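Colleague: Structure file input_2.cif (mmCIF, C-alpha atoms) right here:
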data_query
loop_
_atom_site.label_atom_id
_atom_site.label_comp_id
_atom_site.auth_asym_id
_atom_site.auth_seq_id
_atom_site.Cartn_x
_atom_site.Cartn_y
_atom_site.Cartn_z
CA MET A 1 -6.51 16.21 21.07
CA LYS A 2 -4.06 18.59 22.69
CA SER A 3 -5.02 21.49 24.87
CA ALA A 4 -3.11 24.09 26.79
CA ARG A 5 -3.98 25.46 30.20
CA PRO A 6 -3.62 29.21 29.83
CA GLY A 7 -2.70 31.70 32.52
CA LYS A 8 -6.18 33.20 32.31
CA ASP A 9 -9.13 30.87 32.56
CA ARG A 10 -11.14 30.68 29.36
CA VAL A 11 -14.84 30.37 28.71
CA VAL A 12 -16.52 29.26 25.44
CA LEU A 13 -20.09 30.52 24.95
CA ASP A 14 -22.98 29.10 22.93
CA THR A 15 -25.68 31.43 21.50
CA SER A 16 -28.35 30.17 23.92
CA LEU A 17 -26.98 32.52 26.54
CA PHE A 18 -28.22 35.52 24.54
CA VAL A 19 -31.01 33.96 22.49
CA ASN A 20 -32.96 31.47 24.61
CA PRO A 21 -35.56 33.63 26.48
CA GLU A 22 -35.47 31.49 29.63
CA ILE A 23 -31.74 31.93 29.95
CA ARG A 24 -30.95 35.36 28.54
CA ASN A 25 -33.30 37.01 31.05
CA ASP A 26 -30.45 36.77 33.54
CA PHE A 27 -28.67 39.33 31.37
CA GLY A 28 -31.41 41.26 29.51
CA ASN A 29 -34.91 41.14 28.00
CA THR A 30 -33.84 41.03 24.34
CA PRO A 31 -30.80 39.41 22.71
CA THR A 32 -29.15 42.80 22.30
CA ALA A 33 -29.92 43.80 25.91
CA ALA A 34 -28.58 40.42 27.05
CA ILE A 35 -25.32 40.99 25.17
CA ASN A 36 -24.96 44.41 26.79
CA GLY A 37 -25.81 42.99 30.20
CA PHE A 38 -23.19 40.28 29.77
CA LEU A 39 -20.61 42.83 28.56
CA GLU A 40 -21.18 45.00 31.60
CA ILE A 41 -20.36 42.08 33.89
CA ALA A 42 -17.62 40.49 31.76
CA ARG A 43 -15.49 43.61 31.48
CA GLN A 44 -15.20 43.66 35.28
CA ILE A 45 -13.52 40.23 35.29
CA PRO A 46 -9.97 40.56 33.96
CA SER A 47 -9.14 37.01 35.03
CA LEU A 48 -11.48 35.42 32.45
CA GLU A 49 -11.23 35.34 28.65
CA PHE A 50 -14.43 34.79 26.66
CA TYR A 51 -14.60 33.02 23.31
CA MET A 52 -17.26 32.12 20.76
CA PRO A 53 -16.68 30.00 17.63
CA SER A 54 -17.10 32.19 14.51
CA SER A 55 -19.92 29.96 13.25
CA ILE A 56 -21.83 30.43 16.50
CA PHE A 57 -21.23 34.17 16.37
CA ARG A 58 -22.74 34.25 12.87
CA GLU A 59 -25.79 32.38 14.25
CA LEU A 60 -26.07 35.03 16.96
CA LEU A 61 -26.15 37.78 14.34
CA ASN A 62 -29.42 36.29 13.03
CA PHE A 63 -31.06 37.25 16.32
CA VAL A 64 -29.74 40.77 16.76
CA ASN A 65 -29.43 43.88 14.70
CA GLU A 66 -25.73 43.97 13.86
CA LYS A 67 -25.67 47.76 14.20
CA GLU A 68 -26.87 47.49 17.78
CA ILE A 69 -23.97 45.28 18.82
CA PRO A 70 -21.46 47.44 20.64
CA GLY A 71 -17.93 47.39 19.25
CA ARG A 72 -16.66 46.66 22.74
CA LEU A 73 -18.22 43.20 22.49
CA LEU A 74 -15.58 42.11 20.03
CA ALA A 75 -12.86 43.14 22.44
CA VAL A 76 -14.42 41.10 25.26
CA LEU A 77 -15.88 38.16 23.36
CA HIS A 78 -13.22 36.73 21.03
CA GLN A 79 -14.34 35.02 17.85
CA LYS A 80 -12.21 31.99 17.07
CA SER A 81 -12.74 28.79 15.11
CA PRO A 82 -11.10 25.63 16.43
CA SER A 83 -7.89 24.56 14.64
CA LYS A 84 -9.79 21.79 12.92
CA HIS A 85 -6.91 20.67 10.73
CA GLU A 86 -4.56 20.24 13.65
CA LEU A 87 -6.89 18.85 16.31
CA THR A 88 -7.61 15.15 16.54
CA CYS A 89 -10.30 13.20 18.30
CA PRO A 90 -9.89 9.84 20.06
CA ALA A 91 -10.89 7.02 17.71
CA PHE A 92 -13.12 5.30 20.26
CA LEU A 93 -15.48 8.29 20.06
CA LEU A 94 -15.97 7.50 16.39
CA TYR A 95 -17.32 4.10 17.42
CA GLU A 96 -19.70 5.62 19.92
CA LEU A 97 -20.95 8.17 17.40
CA ILE A 98 -21.48 5.61 14.63
CA GLU A 99 -23.27 3.18 16.96
CA ASP A 100 -25.47 5.95 18.35
CA ILE A 101 -26.42 7.10 14.86
CA ARG A 102 -27.09 3.55 13.69
CA GLU A 103 -29.58 3.03 16.52
CA ARG A 104 -31.26 6.37 15.84
CA VAL A 105 -31.56 5.64 12.11
CA ASN A 106 -33.38 2.38 12.95
CA ARG A 107 -35.65 4.24 15.34
CA GLY A 108 -36.40 6.83 12.63
CA LEU A 109 -37.49 4.09 10.25
CA ARG A 110 -39.83 2.57 12.84
CA ILE A 111 -41.40 6.01 13.41
CA ALA A 112 -41.93 6.40 9.65
CA GLU A 113 -43.46 2.92 9.36
CA LYS A 114 -45.87 3.66 12.18
CA ALA A 115 -46.92 6.90 10.47
CA VAL A 116 -47.63 5.10 7.19
CA ARG A 117 -49.74 2.52 9.06
CA THR A 118 -51.74 5.30 10.76
CA ALA A 119 -52.29 7.17 7.47
CA GLY A 120 -55.98 7.26 6.50
CA LYS A 121 -57.03 6.88 10.13
CA SER A 122 -56.65 10.58 10.88
CA ASP A 123 -55.80 13.86 9.15
CA GLU A 124 -52.74 13.47 6.88
CA GLN A 125 -51.26 16.80 7.91
CA ASP A 126 -51.57 15.89 11.60
CA ILE A 127 -49.83 12.57 11.00
CA ILE A 128 -46.98 14.23 9.13
CA GLN A 129 -46.56 16.90 11.81
CA GLY A 130 -46.47 14.26 14.55
CA MET A 131 -44.05 12.10 12.60
CA ARG A 132 -41.70 15.05 11.98
CA LYS A 133 -41.61 15.81 15.68
CA ASN A 134 -40.93 12.21 16.70
CA TYR A 135 -38.39 11.71 13.92
CA ARG A 136 -36.43 14.84 14.82
CA GLU A 137 -36.44 13.88 18.48
CA ALA A 138 -35.18 10.40 17.65
CA LEU A 139 -32.46 11.52 15.26
CA ARG A 140 -31.34 14.86 16.67
CA ASP A 141 -31.93 15.16 20.41
CA GLY A 142 -28.90 14.47 22.56
CA ILE A 143 -26.50 14.08 19.63
CA ILE A 144 -24.09 16.51 18.02
CA ASP A 145 -25.73 17.17 14.67
CA SER A 146 -24.18 20.30 13.18
CA LYS A 147 -20.78 21.76 12.48
CA GLU A 148 -21.59 24.49 15.00
CA ASP A 149 -21.87 21.77 17.68
CA VAL A 150 -18.49 20.36 16.67
CA ASP A 151 -17.01 23.88 16.72
CA LEU A 152 -18.14 24.42 20.32
CA ILE A 153 -16.68 21.13 21.53
CA LEU A 154 -13.38 21.40 19.70
CA LEU A 155 -12.82 25.04 20.63
CA ALA A 156 -13.47 24.31 24.31
CA LYS A 157 -11.06 21.36 24.11
CA GLU A 158 -8.40 23.35 22.27
CA LEU A 159 -8.53 26.20 24.80
CA ASP A 160 -9.09 23.94 27.83
CA ALA A 161 -12.05 26.24 28.45
CA LEU A 162 -15.27 26.06 30.41
CA LEU A 163 -18.12 25.41 27.96
CA VAL A 164 -21.41 27.23 28.59
CA THR A 165 -24.21 25.58 26.64
CA VAL A 166 -27.69 24.15 27.07
CA ASP A 167 -27.39 21.66 24.17
CA HIS A 168 -27.65 18.07 25.46
CA GLY A 169 -25.72 16.58 22.55
CA VAL A 170 -22.86 19.02 23.08
CA ILE A 171 -22.85 18.41 26.84
CA LYS A 172 -22.70 14.64 26.28
CA TRP A 173 -19.61 15.04 24.08
CA ALA A 174 -18.06 17.53 26.49
CA GLU A 175 -18.26 14.81 29.13
CA LYS A 176 -16.76 12.19 26.83
CA LEU A 177 -13.81 14.51 26.16
CA GLY A 178 -13.27 15.74 29.71
CA ILE A 179 -14.40 19.30 28.98
CA ARG A 180 -15.73 21.34 31.88
CA TRP A 181 -19.24 22.63 31.24
CA LEU A 182 -21.80 24.86 32.91
CA LEU A 183 -25.51 25.37 32.30
CA PRO A 184 -26.17 28.96 31.12
CA SER A 185 -28.75 29.35 33.91
CA LYS A 186 -25.85 29.25 36.40
CA PHE A 187 -23.56 31.46 34.35
CA ARG A 188 -24.53 34.84 35.82
CA ASP A 189 -23.89 33.53 39.36
CA TYR A 190 -20.60 32.07 38.18
CA LEU A 191 -19.50 35.44 36.80
CA MET A 192 -20.69 37.34 39.86
CA SER A 193 -18.58 35.12 42.10
CA PHE A 194 -15.49 36.38 40.27
CA ILE A 195 -16.53 39.99 40.76
CA GLU A 196 -17.19 39.40 44.46
CA ASN A 197 -13.83 37.69 44.84
CA GLU A 198 -12.04 40.58 43.21
CA GLN A 199 -13.92 43.09 45.36
CA ASP A 200 -12.97 41.10 48.47
CA GLN A 201 -9.35 41.08 47.39
CA ASN A 202 -9.38 44.80 46.66
CA SER A 203 -10.92 45.66 50.03
CA SER A 204 -8.48 43.42 51.95
CA GLU A 205 -5.59 44.99 50.03
CA GLY A 206 -6.98 48.39 51.04
CA LEU A 207 -6.86 47.52 54.74
CA MET B 1 -3.57 8.82 13.69
CA LYS B 2 -0.17 7.25 13.66
CA SER B 3 0.86 4.38 11.45
CA ALA B 4 4.04 2.48 10.91
CA ARG B 5 5.37 1.18 7.61
CA PRO B 6 6.32 -2.41 8.35
CA GLY B 7 9.01 -4.44 6.67
CA LYS B 8 6.40 -6.77 5.20
CA ASP B 9 3.51 -5.22 3.34
CA ARG B 10 0.20 -5.71 5.11
CA VAL B 11 -3.30 -6.34 3.79
CA VAL B 12 -6.58 -5.89 5.70
CA LEU B 13 -9.50 -7.99 4.41
CA ASP B 14 -13.25 -7.43 4.61
CA THR B 15 -15.67 -10.42 4.65
CA SER B 16 -16.98 -9.67 1.14
CA LEU B 17 -13.97 -11.47 -0.28
CA PHE B 18 -15.29 -14.79 1.02
CA VAL B 19 -19.01 -14.08 1.28
CA ASN B 20 -20.16 -11.98 -1.67
CA PRO B 21 -20.88 -14.56 -4.45
CA GLU B 22 -19.72 -12.27 -7.27
CA ILE B 23 -16.36 -11.79 -5.64
CA ARG B 24 -15.60 -15.02 -3.80
CA ASN B 25 -15.89 -17.00 -7.04
CA ASP B 26 -12.32 -15.93 -7.77
CA PHE B 27 -11.34 -18.13 -4.84
CA GLY B 28 -14.08 -20.77 -4.48
CA ASN B 29 -17.77 -21.58 -4.93
CA THR B 30 -18.73 -21.47 -1.26
CA PRO B 31 -17.42 -19.28 1.55
CA THR B 32 -15.43 -22.21 2.97
CA ALA B 33 -14.04 -23.12 -0.47
CA ALA B 34 -13.15 -19.44 -1.00
CA ILE B 35 -11.24 -19.36 2.29
CA ASN B 36 -9.32 -22.47 1.31
CA GLY B 37 -8.66 -21.08 -2.17
CA PHE B 38 -7.35 -17.85 -0.66
CA LEU B 39 -5.20 -19.79 1.83
CA GLU B 40 -3.64 -21.83 -0.93
CA ILE B 41 -2.49 -18.65 -2.69
CA ALA B 42 -1.67 -16.61 0.41
CA ARG B 43 0.71 -19.14 1.93
CA GLN B 44 2.86 -18.87 -1.21
CA ILE B 45 3.45 -15.15 -0.59
CA PRO B 46 5.81 -14.71 2.36
CA SER B 47 6.20 -10.99 1.62
CA LEU B 48 2.59 -10.19 2.57
CA GLU B 49 0.88 -10.30 5.97
CA PHE B 50 -2.90 -10.67 6.06
CA TYR B 51 -5.15 -9.21 8.76
CA MET B 52 -8.85 -9.15 9.56
CA PRO B 53 -10.44 -7.16 12.41
CA SER B 54 -11.83 -9.58 15.02
CA SER B 55 -15.35 -8.17 14.57
CA ILE B 56 -15.19 -8.87 10.83
CA PHE B 57 -13.86 -12.37 11.49
CA ARG B 58 -16.86 -13.03 13.76
CA GLU B 59 -19.14 -11.85 10.94
CA LEU B 60 -17.41 -14.30 8.62
CA LEU B 61 -18.13 -17.16 11.02
CA ASN B 62 -21.85 -16.57 10.41
CA PHE B 63 -21.36 -17.69 6.83
CA VAL B 64 -19.19 -20.74 7.32
CA ASN B 65 -19.21 -23.82 9.49
CA GLU B 66 -16.54 -23.06 12.06
CA LYS B 67 -15.41 -26.69 12.03
CA GLU B 68 -14.70 -26.48 8.32
CA ILE B 69 -12.29 -23.58 8.73
CA PRO B 70 -8.78 -24.99 8.56
CA GLY B 71 -6.55 -24.17 11.53
CA ARG B 72 -3.90 -22.95 9.07
CA LEU B 73 -6.15 -19.99 8.30
CA LEU B 74 -5.45 -18.48 11.67
CA ALA B 75 -1.72 -18.67 11.01
CA VAL B 76 -2.10 -16.88 7.67
CA LEU B 77 -4.97 -14.49 8.40
CA HIS B 78 -4.26 -12.64 11.63
CA GLN B 79 -7.19 -11.46 13.73
CA LYS B 80 -6.53 -8.06 15.26
CA SER B 81 -8.72 -5.21 16.47
CA PRO B 82 -7.43 -1.68 15.96
CA SER B 83 -5.92 0.00 19.04
CA LYS B 84 -9.03 2.12 19.40
CA HIS B 85 -7.99 3.76 22.67
CA GLU B 86 -4.67 4.91 21.29
CA LEU B 87 -5.62 5.89 17.74
CA THR B 88 -6.97 9.31 16.94
CA CYS B 89 -8.78 10.68 13.94
CA PRO B 90 -8.35 14.15 12.42
CA ALA B 91 -11.03 16.50 13.76
CA PHE B 92 -12.02 17.80 10.34
CA LEU B 93 -13.38 14.33 9.52
CA LEU B 94 -15.81 14.73 12.40
CA TYR B 95 -17.22 17.78 10.60
CA GLU B 96 -17.59 15.89 7.35
CA LEU B 97 -19.29 12.96 9.07
CA ILE B 98 -21.73 15.16 11.03
CA GLU B 99 -22.63 17.23 7.95
CA ASP B 100 -23.10 14.10 5.84
CA ILE B 101 -25.38 12.54 8.45
CA ARG B 102 -27.37 15.75 8.90
CA GLU B 103 -28.14 15.85 5.18
CA ARG B 104 -29.08 12.15 5.13
CA VAL B 105 -31.37 12.55 8.15
CA ASN B 106 -33.25 15.32 6.31
CA ARG B 107 -33.49 13.14 3.22
CA GLY B 108 -34.85 10.27 5.37
CA LEU B 109 -37.61 12.51 6.69
CA ARG B 110 -38.63 13.59 3.17
CA ILE B 111 -38.81 9.92 2.12
CA ALA B 112 -41.04 9.17 5.13
CA GLU B 113 -43.30 12.15 4.37
CA LYS B 114 -43.71 11.04 0.78
CA ALA B 115 -44.66 7.53 1.94
CA VAL B 116 -47.33 8.90 4.30
CA ARG B 117 -48.77 11.01 1.46
CA THR B 118 -48.90 7.95 -0.84
CA ALA B 119 -50.57 5.78 1.82
CA GLY B 120 -54.10 4.75 0.83
CA LYS B 121 -53.23 5.10 -2.86
CA SER B 122 -51.64 1.66 -3.07
CA ASP B 123 -51.02 -1.41 -0.93
CA GLU B 124 -49.72 -0.45 2.53
CA GLN B 125 -47.17 -3.26 2.63
CA ASP B 126 -45.79 -2.20 -0.78
CA ILE B 127 -45.45 1.39 0.38
CA ILE B 128 -43.63 0.34 3.55
CA GLN B 129 -41.30 -1.96 1.62
CA GLY B 130 -40.48 0.79 -0.87
CA MET B 131 -39.96 3.33 1.88
CA ARG B 132 -37.62 0.99 3.79
CA LYS B 133 -35.50 0.54 0.70
CA ASN B 134 -35.29 4.26 -0.07
CA TYR B 135 -34.70 5.14 3.56
CA ARG B 136 -31.87 2.65 3.97
CA GLU B 137 -30.27 3.83 0.75
CA ALA B 138 -30.47 7.45 1.88
CA LEU B 139 -29.15 6.84 5.38
CA ARG B 140 -26.71 3.97 4.93
CA ASP B 141 -25.25 3.78 1.44
CA GLY B 142 -21.84 5.33 1.04
CA ILE B 143 -21.38 6.07 4.75
CA ILE B 144 -19.62 4.18 7.51
CA ASP B 145 -22.51 2.95 9.61
CA SER B 146 -21.22 0.18 11.88
CA LYS B 147 -18.39 -0.50 14.28
CA GLU B 148 -17.16 -3.16 11.85
CA ASP B 149 -16.70 -0.41 9.23
CA VAL B 150 -14.73 1.69 11.71
CA ASP B 151 -12.63 -1.38 12.63
CA LEU B 152 -11.64 -1.92 8.98
CA ILE B 153 -10.61 1.69 8.48
CA LEU B 154 -8.72 2.09 11.72
CA LEU B 155 -6.91 -1.24 11.44
CA ALA B 156 -5.79 -0.44 7.88
CA LYS B 157 -4.59 2.98 9.07
CA GLU B 158 -2.82 1.57 12.12
CA LEU B 159 -0.99 -1.07 10.05
CA ASP B 160 -0.47 1.20 7.01
CA ALA B 161 -2.08 -1.70 5.14
CA LEU B 162 -3.82 -2.17 1.82
CA LEU B 163 -7.57 -2.38 2.47
CA VAL B 164 -9.56 -4.88 0.40
CA THR B 165 -13.27 -4.06 0.57
CA VAL B 166 -16.29 -3.48 -1.63
CA ASP B 167 -18.08 -1.18 0.86
CA HIS B 168 -18.50 2.32 -0.61
CA GLY B 169 -18.70 4.02 2.78
CA VAL B 170 -15.48 2.38 3.90
CA ILE B 171 -13.73 3.22 0.62
CA LYS B 172 -14.78 6.89 0.95
CA TRP B 173 -13.22 7.07 4.41
CA ALA B 174 -10.13 5.17 3.26
CA GLU B 175 -9.64 7.95 0.71
CA LYS B 176 -10.16 10.69 3.29
CA LEU B 177 -7.49 9.09 5.49
CA GLY B 178 -4.97 8.28 2.77
CA ILE B 179 -5.43 4.51 3.07
CA ARG B 180 -4.59 2.39 0.01
CA TRP B 181 -7.53 0.27 -1.10
CA LEU B 182 -8.30 -2.39 -3.67
CA LEU B 183 -11.56 -3.81 -4.97
CA PRO B 184 -11.85 -7.52 -4.06
CA SER B 185 -12.49 -8.33 -7.74
CA LYS B 186 -8.87 -7.37 -8.43
CA PHE B 187 -7.46 -9.11 -5.39
CA ARG B 188 -6.72 -12.51 -6.92
CA ASP B 189 -4.74 -10.86 -9.74
CA TYR B 190 -2.95 -8.74 -7.16
CA LEU B 191 -1.91 -11.83 -5.20
CA MET B 192 -0.92 -13.76 -8.32
CA SER B 193 1.43 -10.94 -9.35
CA PHE B 194 3.39 -11.55 -6.13
CA ILE B 195 3.63 -15.27 -6.84
CA GLU B 196 4.80 -14.60 -10.40
CA ASN B 197 7.38 -12.11 -9.15
CA GLU B 198 8.74 -14.60 -6.66
CA GLN B 199 8.85 -17.34 -9.30
CA ASP B 200 10.72 -14.97 -11.63
CA GLN B 201 13.18 -14.17 -8.86
CA ASN B 202 13.65 -17.82 -8.01
CA SER B 203 14.30 -18.78 -11.65
CA SER B 204 16.75 -15.91 -12.19
CA GLU B 205 18.56 -16.90 -8.98
CA GLY B 206 18.70 -20.45 -10.36
CA LEU B 207 20.51 -19.32 -13.53
#
Please re-express this file's structure in structure tokens.

Modeller:
Amino acid sequence: MKSARPGKDRVVLDTSLFVNPEIRNDFGNTPTAAINGFLEIARQIPSLEFYMPSSIFRELLNFVNEKEIPGRLLAVLHQKSPSKHELTCPAFLLYELIEDIRERVNRGLRIAEKAVRTAGKSDEQDIIQGMRKNYREALRDGIIDSKEDVDLILLAKELDALLVTVDHGVIKWAEKLGIRWLLPSKFRDYLMSFIENEQDQNSSEGL
Amino acid sequence: MKSARPGKDRVVLDTSLFVNPEIRNDFGNTPTAAINGFLEIARQIPSLEFYMPSSIFRELLNFVNEKEIPGRLLAVLHQKSPSKHELTCPAFLLYELIEDIRERVNRGLRIAEKAVRTAGKSDEQDIIQGMRKNYREALRDGIIDSKEDVDLILLAKELDALLVTVDHGVIKWAEKLGIRWLLPSKFRDYLMSFIENEQDQNSSEGL
């Protein structure tokens, strides 16, 4: 998996930054307000380039009214898919993924068996709801489980970028692949530090 | 994923050749007899090199008495793990794997839900047995699901070898990666064709 260190530092963003209420509040009260809040800060930082995989951008459009997204966003937040036919991934990760999935599949079966054994002892709908929750946790939490997840990881690797995401599965793979990552809850502070630095530089140059 | 075309053609073997009763009968009636039968043929073919991933060889030892395995086998059938820290796999395969698993995980949940809904209508043990079967089919059949599977694929790729296996998941990945493969049921004929060729050559040289 090759990556190039660009002149400008690059940042790859997940949707959570604008969609997850606990996180987006740093930037705005609604997804659209959060995008505008981010834009306002981002355009003051010429030393950073911001990217979002096209698939993740499409996900984002489900949460906002497309007409309300300012055109400027597309100039600041670049949409780019990873070069998936050129990139490669170390083979040992394939082992880790397959072993992880194998264990989870076994766990999923045990959860299902337990639910069948409980059936009749309480409300069927309750049992199914509980089983769904446990099953999804066992098979999905902390693992990359969608092509959007793979897009985030590969794009960050390709661009040697900082990855901003809250997804545990994606973070785990970022660490396996040596990708820098940051929790979205720290992202506003991270951006502000750039603005402060540039202001400091400007004022010292003005002296 | 790099591979080198060697002077001698190489063959990577799965255990099924010696273990699966329908297949091993081409070579012998028991796993040990099948190994000896294979050895007898293989040692007459100097133009082929035979390999088995170490993990697969260990699996094989579960089916035979180690003491009954002739020492010659290890001279004819090389044990070698793939160079898993050097090999890479094309990133687009990661997408296919993740999407395939995602679909199977959803199917597994639907199977579990159906079993819970059937519970009480027939014998609990029957329902669980049926569910296990359907679940395993949905989540395991036709997919690589163990490190032994990954070993087979990567070793065949590394050695640019012919892969002899009956596993559908492994065959599917062999095709994705451009690996030649052969069903074990055709393997004896394949080997015999080499012996016949060499005999033909020898007799024409003798003229």

Colleague: Pick out the closest residue to Leu152 of chain B from this set: B:Lys80, B:Arg102, B:Arg72, B:Arg43. Count only C-alpha atoms.

Modeller: B:Lys80

Colleague: Could you please tell me, as a list in words, which residues of chain A have an atom within 7 Å of chain B when using only C-alpha atoms?

Modeller: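 Contact residues on the first chain: Lys84, His85, Leu87, Thr88, Cys89, Pro90, Ala91, Phe92, Tyr95, Ile98, Glu99, Arg102, Ala112, Glu113, Ala115, Val116, Ala119, Gly120, Ile128, Asp145, Ser146, Lys147 and Val150 of chain A.
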
Colleague: What's around Asn20 of chain B at 12 Å? Count only C-alpha atoms, leave out sequence neighbours fewer than 2 positions away in its own chain, and write the answer as number ranges by chain.

Modeller: B: 14-18, 22-31, 34, 60, 63, 165-167, 184-185

Colleague: Kindly give the distance, in Å, that separates atom CA of Leu182 of chain B and atom CA of Ala161 of chain B, rounded to a single decimal.

Modeller: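 A separation of 10.8 Å between them.
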
Colleague: Identify all residues satisfying the PyMOL selection byres ((chain B and resi 181) around 9) in the given file; provide them as JSON, numbers by chain.

Modeller: {"B": [161, 162, 163, 164, 165, 171, 174, 175, 179, 180, 182, 183]}

Colleague: Show me, as a PDB file with C-alpha atoms, keeping the file's coordinate frame, the residues that have an atom within 10 Å of Leu74 of chain A when counting all atoms listed in the file, minus same-chain residues fewer than 5 positions from it.

Modeller:
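Generated output (part_0.pdb):
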ATOM      1  CA  LEU A  39     -20.610  42.830  28.560  1.00  0.00           C
ATOM      2  CA  PHE A  50     -14.430  34.790  26.660  1.00  0.00           C
ATOM      3  CA  TYR A  51     -14.600  33.020  23.310  1.00  0.00           C
ATOM      4  CA  ILE A  69     -23.970  45.280  18.820  1.00  0.00           C
ATOM      5  CA  GLN A  79     -14.340  35.020  17.850  1.00  0.00           C
TER       6      GLN A  79
END

Colleague: What is the distance, in Å and to one decimal place, between atom CA of Glu198 of chain A and atom CA of Leu77 of chain A?

Modeller: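 One can read the atom CA of Glu198 of chain A to atom CA of Leu77 of chain A distance as 20.4 Å.
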
Colleague: Just to confirm, what's the straight-line distance from atom CA of Gly7 of chain B to atom CA of Ile153 of chain B in Å (one decimal)?

Modeller: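 Separation of atom CA of Gly7 of chain B and atom CA of Ile153 of chain B: 20.6 Å.
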
Colleague: For Ser47 of chain B, find every residue with an atom within 9 Å (counting all atoms listed in the file), except residues of its own chain fewer than 6 positions away, and show them as a PDB file with C-alpha atoms, keeping the file's coordinate frame.

Modeller:
ATOM      1  CA  GLY B   7       9.010  -4.440   6.670  1.00  0.00           C
ATOM      2  CA  LYS B   8       6.400  -6.770   5.200  1.00  0.00           C
ATOM      3  CA  ASP B   9       3.510  -5.220   3.340  1.00  0.00           C
ATOM      4  CA  ARG B  10       0.200  -5.710   5.110  1.00  0.00           C
ATOM      5  CA  PHE B 194       3.390 -11.550  -6.130  1.00  0.00           C
TER       6      PHE B 194
END
